[in-house]
file structure.txt (compact mmCIF, C-alpha atoms)
# COMPACT_ATOMS: atom_id res chain seq x y z
CA MET A 667 40.88 -102.24 91.43
CA LYS A 668 39.24 -98.84 91.07
CA ILE A 669 35.87 -100.34 91.98
CA VAL A 670 37.29 -101.86 95.15
CA VAL A 671 38.57 -98.48 96.30
CA ALA A 672 35.18 -96.88 95.62
CA LYS A 673 33.39 -99.63 97.56
CA GLU A 674 35.74 -99.26 100.52
CA ILE A 675 35.09 -95.51 100.61
CA LEU A 676 31.33 -96.06 100.53
CA LYS A 677 31.56 -98.72 103.25
CA ALA A 678 33.54 -96.38 105.51
CA ASN A 679 31.02 -93.64 104.78
CA ASP A 680 28.09 -95.88 105.71
CA GLN A 681 29.68 -96.76 109.04
CA VAL A 682 29.93 -93.07 109.93
CA ALA A 683 26.34 -92.57 108.73
CA VAL A 684 25.23 -95.20 111.28
CA GLU A 685 27.16 -93.35 114.00
CA ASN A 686 25.50 -90.08 112.96
CA GLN A 687 22.07 -91.67 113.18
CA GLU A 688 22.90 -92.98 116.68
CA THR A 689 23.83 -89.43 117.70
CA PHE A 690 20.56 -88.09 116.26
CA GLY A 691 18.60 -90.81 118.09
CA ARG A 692 20.25 -89.97 121.42
CA ASP A 693 19.33 -86.30 121.07
CA GLY A 694 15.85 -86.87 119.58
CA VAL A 695 16.58 -85.16 116.27
CA CYS A 696 14.73 -86.02 113.04
CA VAL A 697 17.01 -85.40 110.06
CA VAL A 698 15.99 -84.43 106.52
CA ASN A 699 18.50 -84.71 103.65
CA VAL A 700 17.47 -82.04 101.12
CA MET A 701 18.63 -82.68 97.54
CA ALA A 702 18.01 -80.66 94.36
CA SER A 703 19.58 -78.97 91.34
CA PRO A 704 21.40 -75.67 91.81
CA GLY A 705 18.80 -72.94 92.30
CA ALA A 706 15.75 -75.19 92.72
CA GLY A 707 14.94 -73.41 95.98
CA LYS A 708 16.43 -75.58 98.72
CA THR A 709 17.23 -72.74 101.10
CA SER A 710 13.93 -70.92 100.52
CA THR A 711 11.98 -74.12 101.12
CA ILE A 712 13.94 -74.93 104.27
CA LEU A 713 13.34 -71.42 105.66
CA ALA A 714 9.61 -71.51 104.86
CA THR A 715 9.31 -74.94 106.48
CA ILE A 716 11.21 -73.96 109.62
CA GLU A 717 8.85 -70.98 110.13
CA ARG A 718 5.82 -73.25 109.87
CA LEU A 719 7.23 -75.88 112.26
CA LEU A 720 7.57 -73.25 115.00
CA PRO A 721 6.86 -72.84 117.85
CA ASP A 722 6.45 -76.52 118.77
CA LEU A 723 9.27 -77.93 116.64
CA LYS A 724 12.65 -76.22 116.56
CA SER A 725 15.03 -76.65 113.63
CA GLY A 726 18.71 -76.47 112.77
CA VAL A 727 20.47 -76.51 109.41
CA ILE A 728 23.67 -77.87 107.91
CA GLU A 729 24.47 -76.09 104.64
CA GLY A 730 26.54 -77.84 102.00
CA ASP A 731 28.14 -75.84 99.20
CA ILE A 732 31.24 -76.01 97.04
CA ALA A 733 32.06 -72.47 98.18
CA SER A 734 30.53 -69.38 99.88
CA THR A 735 28.40 -68.86 103.00
CA ILE A 736 25.48 -67.20 101.19
CA ASP A 737 22.90 -69.76 102.31
CA ALA A 738 24.18 -70.12 105.86
CA ASP A 739 24.10 -66.33 106.25
CA LYS A 740 20.41 -66.29 105.24
CA ILE A 741 19.61 -68.96 107.85
CA ALA A 742 21.68 -67.35 110.60
CA GLU A 743 19.93 -64.00 110.02
CA ARG A 744 16.75 -65.61 111.32
CA GLY A 745 18.47 -66.80 114.49
CA ILE A 746 18.44 -70.45 113.42
CA PRO A 747 21.43 -72.63 114.39
CA VAL A 748 23.42 -73.35 111.22
CA VAL A 749 26.76 -74.78 110.17
CA GLN A 750 28.21 -74.19 106.71
CA ILE A 751 30.23 -76.98 105.11
CA ASN A 752 32.30 -75.91 102.09
CA THR A 753 33.26 -79.04 100.20
CA GLY A 754 35.90 -77.40 98.01
CA GLY A 755 35.36 -79.28 94.77
CA THR A 756 33.41 -82.25 96.11
CA CYS A 757 29.99 -82.67 94.50
CA HIS A 758 28.12 -84.03 97.53
CA LEU A 759 28.14 -84.14 101.33
CA ASP A 760 29.27 -87.33 103.04
CA ALA A 761 28.78 -88.80 106.50
CA PRO A 762 32.18 -87.73 107.92
CA MET A 763 31.48 -84.10 106.89
CA ILE A 764 28.18 -84.27 108.80
CA LYS A 765 29.90 -85.89 111.81
CA GLY A 766 32.39 -83.02 111.82
CA ALA A 767 29.61 -80.44 111.80
CA LEU A 768 27.52 -81.89 114.65
CA PRO A 769 29.62 -80.60 117.59
CA HIS A 770 28.87 -77.08 116.34
CA LEU A 771 25.08 -77.50 116.66
CA PRO A 772 22.98 -77.49 119.86
CA LEU A 773 21.48 -80.91 119.01
CA PRO A 774 19.48 -81.39 122.25
CA ASP A 775 17.55 -78.18 121.42
CA ILE A 776 16.85 -79.22 117.81
CA ASP A 777 13.85 -81.33 116.79
CA VAL A 778 14.35 -81.23 113.03
CA LEU A 779 17.75 -80.92 111.34
CA PHE A 780 17.74 -80.01 107.66
CA ILE A 781 20.87 -80.98 105.75
CA GLU A 782 21.02 -78.94 102.54
CA ASN A 783 23.13 -81.06 100.23
CA VAL A 784 25.27 -79.65 97.39
CA GLY A 785 23.14 -78.58 94.39
CA ASN A 786 23.42 -81.66 92.20
CA LEU A 787 20.96 -84.31 90.97
CA ILE A 788 23.50 -87.10 90.76
CA CYS A 789 26.30 -87.49 93.31
CA PRO A 790 24.45 -86.90 96.63
CA THR A 791 22.39 -90.10 96.27
CA SER A 792 25.48 -92.31 96.61
CA TYR A 793 26.43 -91.08 100.09
CA LYS A 794 24.35 -91.90 103.18
CA LEU A 795 24.53 -89.19 105.81
CA GLY A 796 22.51 -90.75 108.63
CA ALA A 797 19.34 -88.84 107.75
CA HIS A 798 15.84 -90.22 108.39
CA MET A 799 14.29 -89.01 105.16
CA ASN A 800 15.29 -87.79 101.70
CA LEU A 801 13.54 -84.71 100.39
CA VAL A 802 13.99 -84.03 96.67
CA ILE A 803 13.03 -80.59 95.37
CA ALA A 804 12.41 -80.20 91.64
CA SER A 805 11.53 -76.78 90.23
CA VAL A 806 9.30 -75.86 87.32
CA PRO A 807 11.83 -73.83 85.27
CA GLU A 808 14.09 -76.92 85.09
CA GLY A 809 11.50 -78.67 82.92
CA TRP A 810 9.27 -81.75 83.27
CA ASP A 811 11.88 -84.20 81.97
CA LYS A 812 14.19 -84.31 84.99
CA PRO A 813 12.90 -87.63 86.43
CA TYR A 814 13.66 -89.31 83.10
CA LYS A 815 17.17 -87.87 82.94
CA TYR A 816 18.08 -88.24 86.63
CA PRO A 817 16.04 -91.25 87.79
CA GLY A 818 18.33 -92.17 90.70
CA ILE A 819 17.59 -89.15 92.85
CA PHE A 820 13.84 -89.41 92.34
CA ALA A 821 13.99 -93.13 93.18
CA ALA A 822 15.70 -92.23 96.48
CA ALA A 823 13.09 -89.62 97.51
CA ASP A 824 10.66 -90.03 100.41
CA VAL A 825 8.88 -86.85 99.33
CA VAL A 826 9.19 -84.87 96.08
CA LEU A 827 8.39 -81.17 96.19
CA LEU A 828 7.72 -79.39 92.90
CA ASN A 829 8.79 -75.81 93.67
CA LYS A 830 8.04 -72.60 91.72
CA ALA A 831 4.62 -74.12 90.96
CA ASP A 832 3.30 -70.59 90.33
CA MET A 833 5.33 -70.74 87.10
CA ILE A 834 3.68 -73.90 85.69
CA GLU A 835 1.79 -72.00 82.98
CA VAL A 836 4.54 -69.52 82.18
CA PHE A 837 6.99 -72.35 81.50
CA GLU A 838 4.33 -74.62 79.91
CA PHE A 839 5.42 -77.28 82.39
CA ASP A 840 3.88 -80.71 81.69
CA VAL A 841 2.80 -81.79 85.19
CA ALA A 842 1.41 -85.18 84.06
CA ALA A 843 4.64 -86.11 82.26
CA PHE A 844 6.71 -85.01 85.26
CA GLU A 845 4.65 -87.03 87.74
CA ARG A 846 4.61 -90.05 85.44
CA GLY A 847 8.42 -89.88 85.32
CA VAL A 848 8.68 -89.73 89.10
CA ARG A 849 6.27 -92.65 89.56
CA MET A 850 8.15 -94.79 87.02
CA VAL A 851 11.02 -95.02 89.50
CA ASN A 852 9.15 -94.41 92.77
CA PRO A 853 5.49 -95.45 92.46
CA ASP A 854 4.22 -94.44 95.91
CA VAL A 855 6.22 -91.29 96.67
CA GLU A 856 4.28 -88.20 97.70
CA ILE A 857 4.55 -85.30 95.24
CA ILE A 858 3.55 -81.90 96.60
CA HIS A 859 3.43 -78.70 94.54
CA ILE A 860 4.79 -75.68 96.38
CA SER A 861 5.79 -72.09 95.73
CA CYS A 862 8.05 -70.21 98.09
CA LYS A 863 6.83 -67.03 96.36
CA THR A 864 3.03 -67.48 96.70
CA ASN A 865 3.21 -69.90 99.69
CA GLU A 866 1.12 -72.44 97.76
CA GLY A 867 1.45 -75.93 99.25
CA LEU A 868 3.85 -74.99 102.04
CA ASP A 869 1.31 -75.67 104.81
CA ALA A 870 0.42 -79.04 103.26
CA TRP A 871 4.08 -80.03 102.98
CA THR A 872 4.83 -78.88 106.53
CA GLU A 873 1.91 -80.92 107.89
CA ASN A 874 3.24 -83.94 105.99
CA LEU A 875 6.65 -83.41 107.54
CA ARG A 876 5.18 -82.79 111.00
CA THR A 877 3.44 -86.19 110.87
CA ARG A 878 6.67 -87.88 109.82
CA VAL A 879 8.63 -86.16 112.58
CA GLY A 880 5.98 -87.16 115.15
CA GLU A 881 6.08 -90.79 114.05
CA HIS A 882 9.86 -90.76 114.04
CA LEU A 883 10.27 -89.20 117.47
CA PHE A 884 7.59 -91.49 118.92
CA ALA A 885 9.34 -94.53 117.40
CA GLY A 886 12.66 -93.34 118.73
CA ARG A 887 11.30 -92.97 122.25
CA SER A 888 9.22 -96.17 122.42
CA MET B 196 46.61 -93.89 97.67
CA LYS B 197 43.15 -92.71 96.70
CA ILE B 198 44.59 -89.49 95.33
CA VAL B 199 47.11 -91.40 93.21
CA VAL B 200 44.32 -93.45 91.63
CA ALA B 201 42.32 -90.30 90.86
CA LYS B 202 45.37 -88.65 89.30
CA GLU B 203 46.06 -91.71 87.14
CA ILE B 204 42.45 -91.68 85.89
CA LEU B 205 42.67 -87.98 85.03
CA LYS B 206 46.01 -88.47 83.29
CA ALA B 207 44.62 -91.32 81.17
CA ASN B 208 41.58 -89.15 80.40
CA ASP B 209 43.78 -86.24 79.29
CA GLN B 210 45.71 -88.47 76.90
CA VAL B 211 42.49 -89.52 75.19
CA ALA B 212 41.37 -85.86 75.12
CA VAL B 213 44.52 -85.05 73.13
CA GLU B 214 43.72 -87.89 70.71
CA ASN B 215 40.17 -86.56 70.33
CA GLN B 216 41.49 -83.09 69.54
CA GLU B 217 43.80 -84.57 66.91
CA THR B 218 40.80 -86.28 65.31
CA PHE B 219 38.86 -83.01 65.34
CA GLY B 220 41.82 -81.18 63.81
CA ARG B 221 42.12 -83.74 61.00
CA ASP B 222 38.45 -83.36 60.09
CA GLY B 223 38.28 -79.58 60.59
CA VAL B 224 35.75 -79.68 63.42
CA CYS B 225 35.46 -76.95 66.07
CA VAL B 226 34.19 -78.47 69.32
CA VAL B 227 32.16 -76.72 72.04
CA ASN B 228 31.77 -78.34 75.48
CA VAL B 229 28.41 -77.12 76.82
CA MET B 230 28.05 -77.21 80.62
CA ALA B 231 25.15 -76.11 82.84
CA SER B 232 22.76 -77.09 85.63
CA PRO B 233 19.90 -79.48 84.88
CA GLY B 234 17.24 -77.55 82.99
CA ALA B 235 19.28 -74.41 82.28
CA GLY B 236 18.46 -74.75 78.58
CA LYS B 237 21.46 -76.53 77.04
CA THR B 238 19.51 -78.37 74.34
CA SER B 239 17.35 -75.36 73.44
CA THR B 240 20.42 -73.14 73.16
CA ILE B 241 22.27 -75.69 71.03
CA LEU B 242 19.29 -76.04 68.68
CA ALA B 243 18.84 -72.27 68.35
CA THR B 244 22.56 -71.85 67.66
CA ILE B 245 22.69 -74.63 65.06
CA GLU B 246 19.82 -72.99 63.14
CA ARG B 247 21.66 -69.67 63.09
CA LEU B 248 24.98 -71.21 61.98
CA LEU B 249 23.29 -72.65 58.88
CA PRO B 250 23.67 -72.78 55.95
CA ASP B 251 27.41 -72.03 55.92
CA LEU B 252 28.36 -73.94 59.08
CA LYS B 253 26.99 -77.43 59.69
CA SER B 254 26.73 -78.86 63.19
CA GLY B 255 26.60 -82.18 65.00
CA VAL B 256 25.80 -82.99 68.62
CA ILE B 257 26.89 -85.44 71.31
CA GLU B 258 24.29 -85.63 74.09
CA GLY B 259 25.35 -86.66 77.59
CA ASP B 260 22.76 -87.77 80.11
CA ILE B 261 22.54 -90.15 83.03
CA ALA B 262 19.56 -91.78 81.31
CA SER B 263 16.98 -91.24 78.50
CA THR B 264 17.26 -90.12 74.87
CA ILE B 265 14.90 -87.13 75.24
CA ASP B 266 17.47 -84.56 74.12
CA ALA B 267 18.96 -86.65 71.30
CA ASP B 268 15.45 -87.27 69.95
CA LYS B 269 14.83 -83.49 69.80
CA ILE B 270 18.08 -82.98 67.86
CA ALA B 271 17.51 -85.93 65.50
CA GLU B 272 14.00 -84.64 64.67
CA ARG B 273 15.67 -81.68 62.96
CA GLY B 274 17.88 -83.96 60.86
CA ILE B 275 21.03 -83.04 62.77
CA PRO B 276 23.64 -85.80 63.31
CA VAL B 277 23.55 -86.76 67.00
CA VAL B 278 24.87 -89.45 69.32
CA GLN B 279 23.40 -90.03 72.78
CA ILE B 280 25.74 -91.11 75.57
CA ASN B 281 24.00 -92.46 78.67
CA THR B 282 26.52 -92.40 81.50
CA GLY B 283 24.52 -94.61 83.86
CA GLY B 284 25.32 -92.99 87.21
CA THR B 285 28.37 -91.00 86.16
CA CYS B 286 28.05 -87.25 86.73
CA HIS B 287 30.08 -86.04 83.73
CA LEU B 288 31.31 -87.02 80.30
CA ASP B 289 34.94 -88.04 79.86
CA ALA B 290 37.31 -88.23 76.90
CA PRO B 291 36.97 -92.00 76.31
CA MET B 292 33.16 -91.63 76.12
CA ILE B 293 33.62 -88.97 73.44
CA LYS B 294 36.16 -91.10 71.59
CA GLY B 295 33.64 -93.96 71.56
CA ALA B 296 30.96 -91.69 70.10
CA LEU B 297 33.03 -90.22 67.25
CA PRO B 298 32.81 -93.16 64.80
CA HIS B 299 29.02 -92.69 64.83
CA LEU B 300 29.23 -89.10 63.56
CA PRO B 301 29.99 -87.91 59.98
CA LEU B 302 32.88 -85.74 61.21
CA PRO B 303 34.15 -84.58 57.77
CA ASP B 304 30.69 -83.04 57.15
CA ILE B 305 30.56 -81.28 60.53
CA ASP B 306 32.03 -77.81 61.14
CA VAL B 307 30.87 -77.35 64.74
CA LEU B 308 30.35 -80.20 67.20
CA PHE B 309 28.40 -79.38 70.36
CA ILE B 310 29.01 -81.72 73.27
CA GLU B 311 26.15 -81.35 75.75
CA ASN B 312 27.64 -82.44 79.04
CA VAL B 313 25.65 -83.98 81.91
CA GLY B 314 23.57 -81.35 83.78
CA ASN B 315 25.90 -80.56 86.66
CA LEU B 316 27.86 -77.48 87.77
CA ILE B 317 30.66 -79.41 89.42
CA CYS B 318 31.99 -82.67 87.97
CA PRO B 319 32.26 -81.85 84.24
CA THR B 320 35.04 -79.29 84.83
CA SER B 321 37.50 -81.99 85.96
CA TYR B 322 37.44 -83.98 82.70
CA LYS B 323 38.96 -82.65 79.48
CA LEU B 324 37.14 -83.93 76.40
CA GLY B 325 39.30 -82.48 73.63
CA ALA B 326 36.97 -79.52 73.03
CA HIS B 327 38.20 -76.14 71.77
CA MET B 328 35.97 -74.02 73.98
CA ASN B 329 33.88 -74.28 77.14
CA LEU B 330 30.43 -72.75 77.03
CA VAL B 331 28.72 -72.34 80.43
CA ILE B 332 24.99 -71.62 80.44
CA ALA B 333 23.48 -70.14 83.59
CA SER B 334 19.74 -69.49 83.75
CA VAL B 335 17.84 -66.74 85.53
CA PRO B 336 15.52 -68.95 87.64
CA GLU B 337 18.57 -70.57 89.27
CA GLY B 338 19.41 -67.28 90.97
CA TRP B 339 22.25 -64.77 90.79
CA ASP B 340 24.40 -66.51 93.38
CA LYS B 341 25.58 -69.48 91.30
CA PRO B 342 29.07 -68.10 90.44
CA TYR B 343 29.76 -67.69 94.16
CA LYS B 344 28.63 -71.23 94.97
CA TYR B 345 30.12 -73.00 91.93
CA PRO B 346 33.16 -70.88 91.04
CA GLY B 347 35.06 -73.68 89.28
CA ILE B 348 32.77 -73.99 86.32
CA PHE B 349 32.56 -70.24 85.75
CA ALA B 350 36.36 -70.03 85.97
CA ALA B 351 36.61 -72.64 83.20
CA ALA B 352 34.24 -70.82 80.83
CA ASP B 353 35.29 -69.18 77.55
CA VAL B 354 31.79 -67.72 77.20
CA VAL B 355 28.98 -67.48 79.79
CA LEU B 356 25.41 -67.32 78.48
CA LEU B 357 22.70 -66.13 80.87
CA ASN B 358 19.61 -67.91 79.54
CA LYS B 359 15.92 -67.21 80.28
CA ALA B 360 16.86 -63.52 80.37
CA ASP B 361 13.21 -62.66 79.65
CA MET B 362 12.59 -63.73 83.27
CA ILE B 363 15.04 -61.29 84.91
CA GLU B 364 12.28 -59.09 86.35
CA VAL B 365 9.90 -61.93 87.24
CA PHE B 366 12.60 -63.61 89.32
CA GLU B 367 14.10 -60.33 90.60
CA PHE B 368 17.45 -61.57 89.31
CA ASP B 369 20.38 -59.39 90.39
CA VAL B 370 22.35 -59.08 87.13
CA ALA B 371 25.12 -56.93 88.65
CA ALA B 372 25.74 -59.40 91.49
CA PHE B 373 25.74 -62.32 89.03
CA GLU B 374 28.23 -60.66 86.68
CA ARG B 375 30.42 -59.56 89.60
CA GLY B 376 30.52 -63.20 90.74
CA VAL B 377 31.52 -64.43 87.30
CA ARG B 378 34.23 -61.77 86.95
CA MET B 379 35.66 -62.59 90.39
CA VAL B 380 36.85 -65.93 89.00
CA ASN B 381 37.08 -65.08 85.28
CA PRO B 382 37.70 -61.35 84.77
CA ASP B 383 37.65 -61.18 80.97
CA VAL B 384 35.03 -63.77 80.04
CA GLU B 385 32.24 -62.69 77.71
CA ILE B 386 28.78 -62.77 79.30
CA ILE B 387 25.85 -62.70 76.87
CA HIS B 388 22.17 -62.56 77.91
CA ILE B 389 19.96 -64.82 75.83
CA SER B 390 16.43 -66.17 75.80
CA CYS B 391 15.49 -69.24 73.80
CA LYS B 392 11.86 -68.12 74.21
CA THR B 393 12.10 -64.53 72.90
CA ASN B 394 15.29 -65.10 70.84
CA GLU B 395 16.98 -62.20 72.66
CA GLY B 396 20.75 -62.35 72.30
CA LEU B 397 20.87 -65.49 70.16
CA ASP B 398 22.12 -63.68 67.06
CA ALA B 399 24.81 -61.90 69.08
CA TRP B 400 25.95 -65.15 70.67
CA THR B 401 25.97 -66.97 67.32
CA GLU B 402 28.08 -64.20 65.75
CA ASN B 403 30.50 -64.49 68.67
CA LEU B 404 30.72 -68.25 68.09
CA ARG B 405 31.03 -67.83 64.32
CA THR B 406 34.08 -65.60 64.82
CA ARG B 407 35.65 -68.13 67.18
CA VAL B 408 34.98 -71.00 64.76
CA GLY B 409 36.48 -69.01 61.87
CA GLU B 410 39.61 -68.22 63.88
CA HIS B 411 39.87 -71.82 64.97
CA LEU B 412 39.44 -73.33 61.51
CA PHE B 413 41.84 -70.77 60.02
CA ALA B 414 44.43 -71.55 62.72
CA GLY B 415 43.94 -75.28 62.19
CA ARG B 416 44.51 -74.92 58.44
CA SER B 417 47.41 -72.48 58.52

call {"tool": "encode", "arguments": {"input": "structure.txt", "output": "C-alpha cells"}}
result
Amino acid sequence: MKIVVAKEILKANDQVAVENQETFGRDGVCVVNVMASPGAGKTSTILATIERLLPDLKSGVIEGDIASTIDADKIAERGIPVVQINTGGTCHLDAPMIKGALPHLPLPDIDVLFIENVGNLICPTSYKLGAHMNLVIASVPEGWDKPYKYPGIFAAADVVLLNKADMIEVFEFDVAAFERGVRMVNPDVEIIHISCKTNEGLDAWTENLRTRVGEHLFAGRS
Amino acid sequence: MKIVVAKEILKANDQVAVENQETFGRDGVCVVNVMASPGAGKTSTILATIERLLPDLKSGVIEGDIASTIDADKIAERGIPVVQINTGGTCHLDAPMIKGALPHLPLPDIDVLFIENVGNLICPTSYKLGAHMNLVIASVPEGWDKPYKYPGIFAAADVVLLNKADMIEVFEFDVAAFERGVRMVNPDVEIIHISCKTNEGLDAWTENLRTRVGEHLFAGRS
C-alpha cells in the first residue's frame, strides 16, 4: 500500500518533468541538475562556471534549500537571474517545484539553467526535474569513500567534479580509491578535478559543458 | 491521504523507539544518535570518543549507511562491538532498524551506544530511534552557513561539535556567523570545537559526554 502511494507520486512527478523539458526545449535552454553534499561547493562551482560561459552563453539559476536565501543572494549580486525555492523540510527538489519557479525566470534569454538541488547525496536522485544532465560534485574534505557509501548518486551522474582538489594532500585524499568507487557504478563517467579557490580545472570543466550545451542546442533545433 | 500515511509511519516508528529505550534502560545503556553531513567525521569522532571513555565506560556502535561496510570495518578493527545497517536507498535510520540490530550487540556489556546515522542533514531528524541524546557534527569545510540552510537538525541537537577546527583559517570559516546560526534555532546548546586530526577539543567533549552518561545512568538506576 505504501509502495503504491510512493510510485504514484513518482509517476506524477515524472509527468511534470516531461512538461518542464518541453518548456526548456521551446525556449532553447540546456538544464543542469547540480547535486552534492551540504558544503561541497555547489554555489561556488555554479558561479565560476557561469562566468566562464559568458559572454556567448547566458545562464540562470534555481536554488533549492530547506531554508534561507544565502545562495540566491550570492547569485543575484552578480546580476544573474535566480529563483530561490525553500522546500521547508523536504530533502530534494521535485518537478512541480521547478515548474512553479519557471515563470519567474526569463527563459528565452537563458542558454544554460543550473538547478542547485538540496544538499543531499541520497534523495535528489529519485526525482526527475526535466534536466538534460546530472552534475555531481564531490569534495575532497568529505573523503574518498563517498562513492562506496552513496553509489546511487554517482551512478546517476553525467559528469563528476571533485572540488577542493587543492586540498588533496592536506586531507590525504585517496584519488585512486575515489575514482575506482565512481567507476564501479558508472564506468564511463567523466571525472574532473576542480578547485573554486585556485581555479584548477574550471576551464576544462566549462569547455566540457560548453560542448554538451552545443550538442544539446543543436539537437534541439535540428 | 498521503499525509495520513506518513503520520501513521511516524507513529509506528515512535512506538518502536519507546520499546528500544526500554531495552536500553534495562541494560543500562546510554545511547547517542550521531547525525552529520557525509564526510563530516562521524566515524572518526566516535572512535576518538570511545578511546577516551575507556577503560571505565565501554562502548558499542551501530553504523548506518546506504551501502558498504567501510565504517563498521574501521570500528571492528579496534575490537569494538559493531553492527552495520545498510539502508539500501533510505536516507535515515529508523527505530525498527535499530530494534533489529540490538540482538547482535552485547548490550549488558555496553555503557554507551553510538548510533551513526546516515550522512544527511535533513531526513534523520524525523525518525526517533530511542536514543538519549542527539549529537550533531558540523565540519569546517562545509562552510559556516549550514545552520541557516538546515535549521531542523541543529534545533534537534543536544550538543553540536564543530569538527576539522584545525582548518578554520584555511577555509576562512566564520565561527561567529556559524554559532549565531546555531543559537538562532537552539539558544542554549553546547558548541564544542574539535579536530580528530590534532585532537583539539576531544577531551573536553568526552568529559561533557561522560557527565551526561553519569547523570543518565544514575537517573536510570534511581

call {"tool": "interface_residues", "arguments": {"input": "structure.txt", "of": "chain A", "to": "chain B", "cutoff": "8 Å", "atoms": "all atoms listed in the file", "output": "list in words"}}
result
Lys668, Val671, Ser703, Pro704, Gly705, Ala706, Asp731, Ile732, Ala733, Ser734, Ile736, Gly755, Thr756, Cys757, Asn786, Leu787, Ile788, Cys789, Pro807, Glu808, Gly809, Asp811, Lys812, Tyr814, Lys815, Tyr816, Pro817 and Gly818 of chain A

call {"tool": "residues_around", "arguments": {"input": "structure.txt", "residues": "Ala797 (chain A)", "least_positions_apart": "5", "cutoff": "7 Å", "atoms": "all atoms listed in the file", "output": "VMD selection string"}}
result
chain A and resid 687 697 to 699

call {"tool": "write_last_selection", "arguments": {"input": "structure.txt", "atoms": "C-alpha atoms", "output": "PDB file, in the coordinates of the input"}}
result
ATOM      1  CA  GLN A 687      22.070 -91.670 113.180  1.00  0.00           C
ATOM      2  CA  VAL A 697      17.010 -85.400 110.060  1.00  0.00           C
ATOM      3  CA  VAL A 698      15.990 -84.430 106.520  1.00  0.00           C
ATOM      4  CA  ASN A 699      18.500 -84.710 103.650  1.00  0.00           C
TER       5      ASN A 699
END

call {"tool": "residues_around", "arguments": {"input": "structure.txt", "residues": "Val879 (chain A)", "least_positions_apart": "3", "cutoff": "8 Å", "atoms": "only C-alpha atoms", "output": "list in words"}}
result
Cys696, Val778, Leu875, Arg876, His882 and Leu883 of chain A

call {"tool": "closest_residue", "arguments": {"input": "structure.txt", "among": "B:Ala372, B:Val331, B:Leu357, B:Leu297", "to": "His388 (chain B)", "atoms": "all atoms listed in the file"}}
result
B:Leu357

call {"tool": "atom_distance", "arguments": {"input": "structure.txt", "atom1": "CA of Glu374 (chain B)", "atom2": "CA of Ala333 (chain B)"}}
result
11.0 Å

call {"tool": "closest_residue", "arguments": {"input": "structure.txt", "among": "B:Leu248, B:Ile275, B:Ile332, B:Ala212", "to": "Met292 (chain B)", "atoms": "only C-alpha atoms"}}
result
B:Ala212

call {"tool": "residues_around", "arguments": {"input": "structure.txt", "residues": "Ile857 (chain A)", "least_positions_apart": "4", "cutoff": "12 Å", "atoms": "all atoms listed in the file", "output": "ChimeraX atom specification"}}
result
/A:801-804,820,823-829,831,841-842,844-849,852-853,867,870-871,874

call {"tool": "residues_near_point", "arguments": {"input": "structure.txt", "point": "(35.9, -82.8, 80.9)", "cutoff": "8 Å", "atoms": "all atoms listed in the file", "output": "VMD selection string"}}
result
chain B and resid 287 to 290 319 to 324

call {"tool": "write_last_selection", "arguments": {"input": "structure.txt", "atoms": "C-alpha atoms", "output": "short mmCIF file (atom, residue, chain, number, x, y, z; two decimals), in the frame of the given file"}}
result
data_model
loop_
_atom_site.label_atom_id
_atom_site.label_comp_id
_atom_site.auth_asym_id
_atom_site.auth_seq_id
_atom_site.Cartn_x
_atom_site.Cartn_y
_atom_site.Cartn_z
CA HIS B 287 30.08 -86.04 83.73
CA LEU B 288 31.31 -87.02 80.30
CA ASP B 289 34.94 -88.04 79.86
CA ALA B 290 37.31 -88.23 76.90
CA PRO B 319 32.26 -81.85 84.24
CA THR B 320 35.04 -79.29 84.83
CA SER B 321 37.50 -81.99 85.96
CA TYR B 322 37.44 -83.98 82.70
CA LYS B 323 38.96 -82.65 79.48
CA LEU B 324 37.14 -83.93 76.40
#

call {"tool": "atom_distance", "arguments": {"input": "structure.txt", "atom1": "CA of Glu385 (chain B)", "atom2": "CA of Leu249 (chain B)"}}
result
23.1 Å

call {"tool": "atom_distance", "arguments": {"input": "structure.txt", "atom1": "CA of His327 (chain B)", "atom2": "CA of Thr238 (chain B)"}}
result
19.0 Å

call {"tool": "axis_aligned_box", "arguments": {"input": "structure.txt", "around": "region 228-241 of chain B", "padding_each_side": "4 Å", "output": "AutoDock Vina command-line options"}}
result
--center_x 24.5 --center_y -76.3 --center_z 78.3 --size_x 22.5 --size_y 14.3 --size_z 22.6

call {"tool": "closest_residue", "arguments": {"input": "structure.txt", "among": "A:Glu881, A:Asp869, A:Asp777, A:Asp680", "to": "Arg718 (chain A)", "atoms": "only C-alpha atoms"}}
result
A:Asp869

call {"tool": "closest_residue", "arguments": {"input": "structure.txt", "among": "B:Ile389, B:Val224, B:Ile310, B:Ile363", "to": "Val278 (chain B)", "atoms": "all atoms listed in the file"}}
result
B:Ile310

call {"tool": "decode", "arguments": {"input": "structure.txt", "residues": "region 682-703 of chain A", "atoms": "C-alpha atoms", "output": "short mmCIF file (atom, residue, chain, number, x, y, z; two decimals), in the first residue's frame"}}
result
data_model
loop_
_atom_site.label_atom_id
_atom_site.label_comp_id
_atom_site.auth_asym_id
_atom_site.auth_seq_id
_atom_site.Cartn_x
_atom_site.Cartn_y
_atom_site.Cartn_z
CA VAL A 682 5.67 17.21 -14.78
CA ALA A 683 9.37 16.61 -15.51
CA VAL A 684 8.42 15.86 -19.14
CA GLU A 685 6.40 19.09 -19.27
CA ASN A 686 9.38 21.00 -17.86
CA GLN A 687 11.66 19.55 -20.51
CA GLU A 688 9.17 20.58 -23.22
CA THR A 689 9.26 24.12 -21.85
CA PHE A 690 13.08 24.11 -21.86
CA GLY A 691 13.09 22.78 -25.45
CA ARG A 692 10.73 25.53 -26.62
CA ASP A 693 12.95 28.23 -25.14
CA GLY A 694 16.29 26.61 -26.11
CA VAL A 695 17.52 26.15 -22.55
CA CYS A 696 20.01 23.43 -21.55
CA VAL A 697 19.40 22.40 -17.94
CA VAL A 698 21.95 21.06 -15.46
CA ASN A 699 20.78 19.39 -12.22
CA VAL A 700 23.57 20.01 -9.68
CA MET A 701 23.70 17.52 -6.79
CA ALA A 702 26.15 17.27 -3.87
CA SER A 703 26.55 17.04 -0.10
#
